[in-house]
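Peer 1: My file is upload23.csv. It has CSV, C-alpha atoms:
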```
chain,number,residue,atom,x,y,z
W,22,MET,CA,-28.8,218.5,3.3
W,23,ALA,CA,-27.1,221.9,3.9
W,24,LEU,CA,-26.1,222.8,7.5
W,25,SER,CA,-27.0,226.1,9.1
W,26,LEU,CA,-24.1,228.1,10.4
W,27,GLU,CA,-25.1,227.1,13.9
W,28,ASP,CA,-25.1,223.4,13.1
W,29,ALA,CA,-21.8,223.8,11.2
W,30,LEU,CA,-20.2,225.3,14.2
W,31,ILE,CA,-21.5,222.5,16.4
W,32,ALA,CA,-20.1,220.0,14.0
W,33,ALA,CA,-16.8,221.8,14.0
W,34,ASP,CA,-16.6,221.6,17.8
W,35,ASP,CA,-17.3,217.9,17.6
W,36,LEU,CA,-14.5,217.5,15.0
W,37,LEU,CA,-12.1,219.5,17.1
W,38,GLU,CA,-12.8,217.3,20.1
W,39,GLU,CA,-12.3,214.2,18.1
W,40,TYR,CA,-9.0,215.4,16.6
W,41,ALA,CA,-7.8,216.6,19.9
W,42,ALA,CA,-8.3,213.1,21.3
W,43,ASP,CA,-6.5,211.6,18.3
W,44,PHE,CA,-3.7,214.2,18.7
W,45,GLU,CA,-3.1,213.2,22.3
W,46,ASP,CA,-2.7,209.6,21.3
W,47,ALA,CA,-0.4,210.3,18.4
W,48,ASP,CA,3.4,210.1,18.7
W,49,CYS,CA,3.9,213.6,17.5
W,50,ASN,CA,7.2,214.3,19.2
W,51,VAL,CA,9.0,212.3,16.6
W,52,CYS,CA,9.7,214.7,13.7
W,53,THR,CA,11.8,212.4,11.6
W,54,ALA,CA,9.1,211.9,8.9
W,55,VAL,CA,9.7,213.2,5.4
W,56,THR,CA,7.4,216.1,4.6
W,57,VAL,CA,5.1,216.1,1.6
W,58,SER,CA,6.1,217.6,-1.6
W,59,ASP,CA,5.5,221.3,-2.1
W,60,ASN,CA,3.4,220.3,-5.1
W,61,ALA,CA,1.2,217.8,-3.3
W,62,THR,CA,-2.5,218.0,-4.2
W,63,PHE,CA,-5.4,218.1,-1.8
W,64,ASP,CA,-6.1,214.4,-2.6
W,65,GLU,CA,-2.5,213.5,-1.7
W,66,LEU,CA,-2.8,215.4,1.6
W,67,CYS,CA,-6.0,213.5,2.4
W,68,GLU,CA,-4.2,210.2,1.9
W,69,ILE,CA,-1.9,211.2,4.8
W,70,GLU,CA,-4.6,213.0,6.8
W,71,PRO,CA,-8.1,211.5,6.2
W,72,ALA,CA,-9.6,214.1,8.6
W,73,LEU,CA,-9.2,216.7,5.8
W,74,ARG,CA,-12.0,214.9,3.9
W,75,ASP,CA,-14.2,215.2,7.0
W,76,LEU,CA,-13.6,218.9,7.0
W,77,GLU,CA,-14.2,219.2,3.3
W,78,TYR,CA,-17.5,217.4,3.8
W,79,GLN,CA,-18.5,219.8,6.6
W,80,ILE,CA,-17.7,222.8,4.4
W,81,ARG,CA,-19.7,221.5,1.5
W,82,GLU,CA,-22.7,221.2,3.8
W,83,VAL,CA,-22.6,224.9,4.8
W,84,ASP,CA,-25.8,226.6,3.8
W,85,GLY,CA,-25.1,230.1,2.4
W,86,SER,CA,-28.6,230.6,0.9
W,87,GLY,CA,-29.9,233.0,3.5
W,88,PRO,CA,-30.2,236.8,2.8
W,89,HIS,CA,-26.9,237.3,4.8
W,90,PHE,CA,-23.9,235.1,4.7
W,91,SER,CA,-20.2,235.7,5.7
W,92,ALA,CA,-17.8,233.2,4.3
W,93,ASN,CA,-15.1,234.9,6.4
W,94,ALA,CA,-17.0,234.2,9.6
W,95,VAL,CA,-17.5,230.6,8.6
W,96,TRP,CA,-13.9,230.2,7.7
W,97,SER,CA,-12.6,231.7,10.9
W,98,GLN,CA,-15.1,230.0,13.2
W,99,LEU,CA,-15.5,226.6,11.5
W,100,CYS,CA,-12.7,225.8,9.2
W,101,LYS,CA,-9.5,227.4,10.4
W,102,PRO,CA,-9.6,226.0,14.0
W,103,VAL,CA,-9.8,222.5,12.6
W,104,LEU,CA,-7.4,223.0,9.6
W,105,VAL,CA,-4.5,224.3,11.7
W,106,GLY,CA,-4.4,221.0,13.6
W,107,LEU,CA,-4.4,219.0,10.4
W,108,VAL,CA,-1.9,220.8,8.1
W,109,GLY,CA,0.7,223.5,8.6
W,110,TRP,CA,3.1,224.1,11.4
W,111,ASP,CA,0.8,222.7,14.1
W,112,ALA,CA,-0.3,219.6,12.2
W,113,ARG,CA,-0.5,216.5,14.3
W,114,ARG,CA,1.3,214.5,11.5
W,115,PRO,CA,4.9,215.7,11.1
W,116,GLU,CA,4.9,215.1,7.3
W,117,LEU,CA,2.2,217.8,6.9
W,118,ARG,CA,4.0,220.5,8.9
W,119,THR,CA,4.7,222.7,6.0
W,120,GLN,CA,3.5,226.0,4.6
W,121,ALA,CA,2.8,224.4,1.3
W,122,ALA,CA,0.5,221.7,2.8
W,123,TYR,CA,-1.4,224.4,4.6
W,124,ASP,CA,-1.7,226.6,1.5
W,125,THR,CA,-2.9,223.7,-0.7
W,126,ALA,CA,-5.6,222.7,1.8
W,127,TYR,CA,-6.6,226.3,2.5
W,128,ASP,CA,-7.0,227.1,-1.2
W,129,HIS,CA,-9.0,224.0,-1.9
W,130,LEU,CA,-11.3,224.3,1.2
W,131,ASN,CA,-11.8,228.1,1.1
W,132,ASP,CA,-12.9,227.9,-2.5
W,133,LEU,CA,-15.7,225.5,-1.5
W,134,LEU,CA,-17.5,228.1,0.7
W,135,PRO,CA,-20.4,230.0,-0.8
W,136,PRO,CA,-19.6,233.7,-1.5
W,137,CYS,CA,-20.3,236.4,1.0
W,138,ARG,CA,-23.6,238.1,0.6
W,139,ASP,CA,-24.8,241.3,2.3
W,140,CYS,CA,-22.4,240.8,5.2
W,141,TRP,CA,-20.1,243.1,7.2
W,142,CYS,CA,-17.0,242.0,5.3
W,143,LEU,CA,-18.2,243.4,1.9
```
For this file, write the structure as structure tokens.
Peer 2:
Amino acid sequence: MALSLEDALIAADDLLEEYAADFEDADCNVCTAVTVSDNATFDELCEIEPALRDLEYQIREVDGSGPHFSANAVWSQLCKPVLVGLVGWDARRPELRTQAAYDTAYDHLNDLLPPCRDCWCL
């Protein structure tokens, strides 16, 4: 069942709250972990950070079938706020604090969004 943009944003807020609670419990001040390979796949990133699968599922459920749809709005409001806590420089897991991890996840997840249609960004 596809989610409306409003429902997707509510789900994103719920995920952010859940991840924030997990982040507070994590021992993230210890940065001795080895980072993932620059060639890591999205699946390999998900083995380290299962919450990426949750975000992937949420994105797959976005309903872009209406007459107007902005993938950029969904990305900036739903996806990016969650993604930056999972991979990249602000990741809660030290081994995922790389630009390559962020780029891999970004490319995979952004490609899942329906294309923009009759929106302000076209």
Peer 1: Considering all atoms listed in the file, state which residue in the set W:Arg113, W:His89, W:Arg118, W:Arg81 is at the smallest distance from Leu130 of chain W.
Peer 2: W:Arg81
Peer 1: Hey, what's within 12 Å of Ser58 of chain W if we count only C-alpha atoms and toss same-chain stuff fewer than 2 positions away? As a ChimeraX atom specification, please?
Peer 2: /W:55-56,60-63,65-66,116-123,125
Peer 1: Choose the residue, out of W:Asp139, W:Glu70, W:Glu82, W:Asp75, that has the smallest atom-to-atom separation from Ala112 of chain W; count only C-alpha atoms.
Peer 2: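 Between W:Asp139, W:Glu70, W:Glu82, W:Asp75, the residue approaching Ala112 of chain W most closely is W:Glu70.
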Peer 1: List as a PDB file with C-alpha atoms, keeping the file's coordinate frame the protein and nucleic acid residues near Arg138 of chain W, meaning an atom at most 10 Å away when only C-alpha atoms are counted, but skip any in the same chain fewer than 4 places from it.
Peer 2:
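Saved result, part_20.pdb, follows:
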```pdb
ATOM      1  CA  GLY W  85     -25.100 230.100   2.400  1.00  0.00           C
ATOM      2  CA  SER W  86     -28.600 230.600   0.900  1.00  0.00           C
ATOM      3  CA  GLY W  87     -29.900 233.000   3.500  1.00  0.00           C
ATOM      4  CA  PRO W  88     -30.200 236.800   2.800  1.00  0.00           C
ATOM      5  CA  HIS W  89     -26.900 237.300   4.800  1.00  0.00           C
ATOM      6  CA  PHE W  90     -23.900 235.100   4.700  1.00  0.00           C
ATOM      7  CA  SER W  91     -20.200 235.700   5.700  1.00  0.00           C
ATOM      8  CA  ALA W  92     -17.800 233.200   4.300  1.00  0.00           C
ATOM      9  CA  CYS W 142     -17.000 242.000   5.300  1.00  0.00           C
ATOM     10  CA  LEU W 143     -18.200 243.400   1.900  1.00  0.00           C
TER      11      LEU W 143
END
```
Peer 1: Would you please work out which residue, of W:His129, W:Asp64, W:Asp84, W:Leu73, is nearest to Val105 of chain W when using all atoms listed in the file?
Peer 2: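 Smallest distance to Val105 of chain W is found for W:Leu73.
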Peer 1: Between atom CA of Trp96 of chain W and atom CA of Tyr127 of chain W, what distance in Å does the model show, to one decimal?
Peer 2: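 Atom CA of Trp96 of chain W sits 9.8 Å away from atom CA of Tyr127 of chain W.
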Peer 1: Rounded to one decimal place, report the atom CA of Asp59 of chain W-atom CA of Pro71 of chain W distance in Å.
Peer 2: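 A separation of 18.7 Å between them.
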Peer 1: Please indicate the distance in Å from atom CA of Ile69 of chain W to atom CA of Cys100 of chain W, rounded to one decimal place.
Peer 2: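 Interatomic distance here is 18.7 Å.
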Peer 1: Let me make sure I understand: among W:Val57, W:Val95, W:Ala72, W:Ile31, which one has the smallest atom-to-atom distance to Asn131 of chain W if we use all atoms listed in the file?
Peer 2: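 Going through W:Val57, W:Val95, W:Ala72, W:Ile31 one by one, the smallest distance to Asn131 of chain W is for W:Val95.
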Peer 1: Smallest atom-to-atom distance to Leu134 of chain W: which of W:Val83, W:Ala94, W:Cys67, W:Leu76, using only C-alpha atoms?
Peer 2: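 The answer is W:Val83, which sits nearest to Leu134 of chain W.
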